[in-house]
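Here's the structure we're looking at; comments come further down.
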Amino acid sequence: MNKIVWLEVETKVRIKNVNSLRKKIKKIARFQKKETRGDDYFALHRRFRKYAYPKKAFRIRRKPDKFEVNFKKHLKKYWDSEIVVKQEFEFVLKDQKDVDNLLALFFDLGFVQWMKKRKTSESYLHKKDKRIIIEINHVAHLGYFMEIEYLAQPSEMKKAKKKIHDTLRELEIDPKDVDNTGYTKRLHDKGIKDKRYWVK
């Protein structure tokens, strides 16, 4: 039985004027929801890493009725100057006891709580293609960013990238403003590590 593989095709833009960009987004997309997301990231203890910034990490996100565990594999062979592609792996834990058991396992394997990220997201769906998700994100300590995402199967890669490139042009985004540096990398470079647990 063949497993369906979904890839996250996306781009990230640093926002200079959030109100101006929001007006442009509303012309081509419909607002869906606004929510605040608190994420805890876990990575191997520094003594087990080759580099200061961990190459592998996973996150736990608390939802009203569950916990989501997520990690991503970067597929750099598909990247270009404006778009990154990742394979996302995710599963759900139903309660705090499940979270505690999972963390007990990973702490025993040498992982530690590494970083907390908190962001407020406004989500929009493109009017012409609802698989195009546009988000305005305010990330604590970092500011405003826009993300455009298209969830695709490998055979749809070319189409997904074109859809994102087209949306960037629709929104009149200067290619110089595209910066796909991850939020955790930005927080790491600024030396920000909040040890409060969001999963508790």
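Ligands are numbered from 1 in the order shown, chains are lettered A, B, ... in the order of the structure tokens, and residues start at 1 in each chain.
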Write out as a Markdown table the residues of range 4-96 of chain A that have any atom within 7 Å of an atom of range 126-136 of chain A, one row each with the nearest atom pair and its distance in Å to one decimal, counting only C-alpha atoms, sorted by chain and then rising number.
```
| residue | atom | partner | partner_atom | distance |
| --- | --- | --- | --- | --- |
| A:Ile28 | CA | A:Lys127 | CA | 5.8 |
| A:Ala29 | CA | A:His126 | CA | 4.0 |
| A:Arg30 | CA | A:His126 | CA | 6.4 |
```
Would you mind exporting N, CA and C atoms of the selected residues as an mmCIF file, in the first residue's frame?
```
data_model
loop_
_atom_site.group_PDB
_atom_site.id
_atom_site.type_symbol
_atom_site.label_atom_id
_atom_site.label_comp_id
_atom_site.auth_asym_id
_atom_site.auth_seq_id
_atom_site.Cartn_x
_atom_site.Cartn_y
_atom_site.Cartn_z
ATOM 1 N N ILE A 28 -7.751 39.486 -2.604
ATOM 2 C CA ILE A 28 -7.593 38.216 -3.320
ATOM 3 C C ILE A 28 -7.929 36.997 -2.466
ATOM 4 N N ALA A 29 -8.151 37.205 -1.171
ATOM 5 C CA ALA A 29 -8.375 36.063 -0.267
ATOM 6 C C ALA A 29 -9.427 36.398 0.784
ATOM 7 N N ARG A 30 -10.033 35.361 1.343
ATOM 8 C CA ARG A 30 -11.067 35.516 2.366
ATOM 9 C C ARG A 30 -10.525 35.146 3.738
#
```
Based on DSSP run over this structure's backbone, return all residues of range 92-154 of chain A in strand (DSSP E or B), as a PyMOL selection string. chain A and resi 92-93+111-126+132-139+143-152
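Within the 12 Å cut-off around range 43-49 of chain A, using only C-alpha atoms and omitting residues fewer than 3 positions from it on the same chain, the listed residues are A:Asp40, A:Ala52, A:Tyr53, A:Pro54, A:Lys55, A:Lys56, A:Ala57, A:Phe58, A:Arg59, A:Ile60, A:Phe71, A:Leu103, A:Phe106, A:Phe107, A:Asp108, A:Leu109, A:Gly110, A:Phe111, A:Val112, A:Gln113, A:Trp114, A:Met115, A:Lys116, A:Thr184.
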How far is it from CA of Trp6 in chain A to CA of Val69 in chain A, in Å with one decimal? 16.6 Å
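If you measure from each of A:Ile4, A:Leu75, A:Val85, A:Val139 to Leu187 in chain A using only C-alpha atoms, the closest one turns out to be A:Val139.
Among the candidate residues A:His141, A:Lys161, A:Arg14, A:Lys23, the one lying nearest to Lys176 in chain A is A:Arg14, with distances computed using only C-alpha atoms.
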Kindly indicate which residue among A:Leu151, A:Leu125, A:Met157, A:Ala140 lies nearest to Gly38 in chain A, using only C-alpha atoms for the distances. A:Ala140
What's around Glu68 in chain A at 12 Å? Count only C-alpha atoms, leave out sequence neighbours fewer than 6 positions away in its own chain, and write the answer as a VMD selection string. chain A and resid 37 to 41 58 to 62 89 to 96 98 to 99 102 199
As an mmCIF file with N, CA and C atoms, in the first residue's frame, please: the residues near Glu172 in chain A (cut-off 10 Å, only C-alpha atoms, same-chain neighbours under 6 positions excluded).
```
data_model
loop_
_atom_site.group_PDB
_atom_site.id
_atom_site.type_symbol
_atom_site.label_atom_id
_atom_site.label_comp_id
_atom_site.auth_asym_id
_atom_site.auth_seq_id
_atom_site.Cartn_x
_atom_site.Cartn_y
_atom_site.Cartn_z
ATOM 1 N N LEU A 21 -0.489 45.693 3.579
ATOM 2 C CA LEU A 21 -0.480 44.332 3.048
ATOM 3 C C LEU A 21 -1.804 43.624 3.321
ATOM 4 N N LYS A 24 -4.318 44.422 0.693
ATOM 5 C CA LYS A 24 -4.043 43.706 -0.556
ATOM 6 C C LYS A 24 -4.486 42.249 -0.458
ATOM 7 N N ASP A 166 2.965 33.238 -8.224
ATOM 8 C CA ASP A 166 1.900 34.093 -8.752
ATOM 9 C C ASP A 166 1.267 34.935 -7.647
#
```
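Across A:Asn101, A:Lys66, A:Leu142, A:Val5, the tightest approach to Asp189 in chain A is made by A:Leu142 when counting only C-alpha atoms.
Counting from CA of Lys76 in chain A, the distance to CA of Glu88 in chain A is 13.7 Å.
The space between CA of Ile15 in chain A and CA of Phe145 in chain A spans 5.1 Å.
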Hey, what's within 7 Å of Lys86 in chain A if we count only C-alpha atoms and toss same-chain stuff fewer than 5 positions away? As a VMD selection string, please? chain A and resid 7 to 9 72 to 75
Select, from A:Lys119, A:Glu82, A:Glu156, A:Tyr124, the residue with the minimum atom-to-atom distance to Arg169 in chain A, counting only C-alpha atoms.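 So, comparing all the options, the nearest one is A:Glu82.
With only C-alpha atoms as the atoms that count, the minimum distance from Ile148 in chain A to the choices A:Ile164, A:Val18, A:Ile25, A:Leu171 is reached by A:Ile164.
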